[in-house]
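Structure record follows, encoded as structure tokens.
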There are 2 protein chains.
Amino acid sequence: MAQFMDVHHGMRGITEDQLREAHEADLAIQQEEGVHFRQAWADPESGTVYCLSEAPSSDAVQRIHERTGHKADEIHAVPLRV
Amino acid sequence: MAQFMDVHHGMRGITEDQLREAHEADLAIQQEEGVHFRQAWADPESGTVYCLSEAPSSDAVQRIHERTGHKADEIHAVPLRV
């Protein structure tokens with residue numbers, strides 16, 4: 001399955017609880033689009049969140065994020081990994 | 001140790017070999033700054049590379065990337081992870 005890195009801006013001040021809540025909302029419905037969110041990282045100072053996922057397409061990733069209320073600003077396929 | 005996500009733009013067309021070579025150049029000297037690069041992901045289409053590291057500071061991460069010839073465009077501390 002392809003891997004994707006998606007990026008959310010404008011999340012300044014995000015807390016660990018808020019990050020976990022958002023991530024768990026995604027996990028709860030991810031299977032409906034065949035997506036598997038693997039990990040998320042947040043920088044509360046700049047308000048940037050990164051999510052790494054395996055998914056059939058970037059659209060599938062975005063549909064999950066949209067339904068849980070946090071549309072990604074960028075989604076990049078990351079076919080290369082080391 | 002703090003974790004950092006750094007981002008490189010303008011790497012359009014990067015190949016797996018080039019990504020590996022850049023990553024291995026970082027690994028070869030990372031210890032001199034107390035940095036541990038954990039993983040890197042690349043999107044050759046948009047030319048974006050993400051590197052996840054553990055390091056004493058973002059400056060330490062940047063010093064390694066500068067010495068190996070690929071300065072990061074952004075470095076974000078990512079204290080929150082789920």
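Ordering of the structure tokens sets the chain letters (A, B, ...); residue numbers start at 1 within each chain; ligands are numbered from 1 in the order shown.
Every chain B residue lying within 7 Å of chain A, based on only C-alpha atoms, is listed here: Glu16, Arg20, Gln39, Ala40, Trp41, Ala42, Asp43, His76, Ala77, Val78, Pro79, Leu80, Arg81 and Val82 of chain B.
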Near-B:Glu66 list (12 Å; only C-alpha atoms; drop same-chain fewer than 6 positions) as a PDB file with N, CA, C and O atoms, in the first residue's frame:
```
ATOM      1  N   HIS B   8      12.634  19.419   3.334  1.00  0.00           N
ATOM      2  CA  HIS B   8      13.439  19.937   2.226  1.00  0.00           C
ATOM      3  C   HIS B   8      12.530  20.061   1.006  1.00  0.00           C
ATOM      4  O   HIS B   8      11.826  19.105   0.662  1.00  0.00           O
ATOM      5  N   ALA B  22      22.014  10.565   0.529  1.00  0.00           N
ATOM      6  CA  ALA B  22      21.925  11.762   1.381  1.00  0.00           C
ATOM      7  C   ALA B  22      21.748  11.347   2.842  1.00  0.00           C
ATOM      8  O   ALA B  22      22.400  11.896   3.739  1.00  0.00           O
ATOM      9  N   ALA B  25      24.941   9.929   4.282  1.00  0.00           N
ATOM     10  CA  ALA B  25      25.915  10.991   4.558  1.00  0.00           C
ATOM     11  C   ALA B  25      25.598  11.639   5.909  1.00  0.00           C
ATOM     12  O   ALA B  25      26.506  11.943   6.691  1.00  0.00           O
ATOM     13  N   ASP B  26      24.306  11.833   6.175  1.00  0.00           N
ATOM     14  CA  ASP B  26      23.897  12.384   7.478  1.00  0.00           C
ATOM     15  C   ASP B  26      24.256  11.419   8.613  1.00  0.00           C
ATOM     16  O   ASP B  26      24.795  11.824   9.641  1.00  0.00           O
ATOM     17  N   ILE B  29      27.924  11.291  10.033  1.00  0.00           N
ATOM     18  CA  ILE B  29      28.498  12.339  10.907  1.00  0.00           C
ATOM     19  C   ILE B  29      27.542  12.788  12.011  1.00  0.00           C
ATOM     20  O   ILE B  29      27.870  13.675  12.796  1.00  0.00           O
ATOM     21  N   GLN B  30      26.347  12.191  12.076  1.00  0.00           N
ATOM     22  CA  GLN B  30      25.315  12.678  13.002  1.00  0.00           C
ATOM     23  C   GLN B  30      25.781  12.695  14.463  1.00  0.00           C
ATOM     24  O   GLN B  30      25.383  13.565  15.238  1.00  0.00           O
ATOM     25  N   ASP B  59      19.173  23.425  15.672  1.00  0.00           N
ATOM     26  CA  ASP B  59      20.451  23.878  15.112  1.00  0.00           C
ATOM     27  C   ASP B  59      21.396  22.698  14.873  1.00  0.00           C
ATOM     28  O   ASP B  59      22.132  22.675  13.885  1.00  0.00           O
ATOM     29  N   ALA B  60      21.372  21.739  15.793  1.00  0.00           N
ATOM     30  CA  ALA B  60      22.238  20.565  15.632  1.00  0.00           C
ATOM     31  C   ALA B  60      21.835  19.789  14.378  1.00  0.00           C
ATOM     32  O   ALA B  60      22.688  19.344  13.595  1.00  0.00           O
ATOM     33  N   ALA B  72      18.161  22.044   5.424  1.00  0.00           N
ATOM     34  CA  ALA B  72      16.698  21.923   5.500  1.00  0.00           C
ATOM     35  C   ALA B  72      16.042  23.290   5.321  1.00  0.00           C
ATOM     36  O   ALA B  72      16.589  24.311   5.743  1.00  0.00           O
ATOM     37  N   ASP B  73      14.859  23.296   4.682  1.00  0.00           N
ATOM     38  CA  ASP B  73      14.106  24.541   4.511  1.00  0.00           C
ATOM     39  C   ASP B  73      13.284  24.862   5.756  1.00  0.00           C
ATOM     40  O   ASP B  73      12.997  26.024   6.029  1.00  0.00           O
TER      41      ASP B  73
END
```
**Request:** Please report, as JSON, numbers by chain, each residue of chain A to which DSSP assigns strand (DSSP E or B) when run on this structure's backbone.
**Result:** {"A": [2, 3, 4, 5, 6, 7, 8, 36, 37, 38, 39, 40, 41, 42, 43, 48, 49, 50, 51, 52, 53, 54, 55, 74, 75, 76, 77, 80, 81]}
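If you look at atom CA of A:Gly10 and atom CA of B:Gly13, they are 29.1 Å away from each other.
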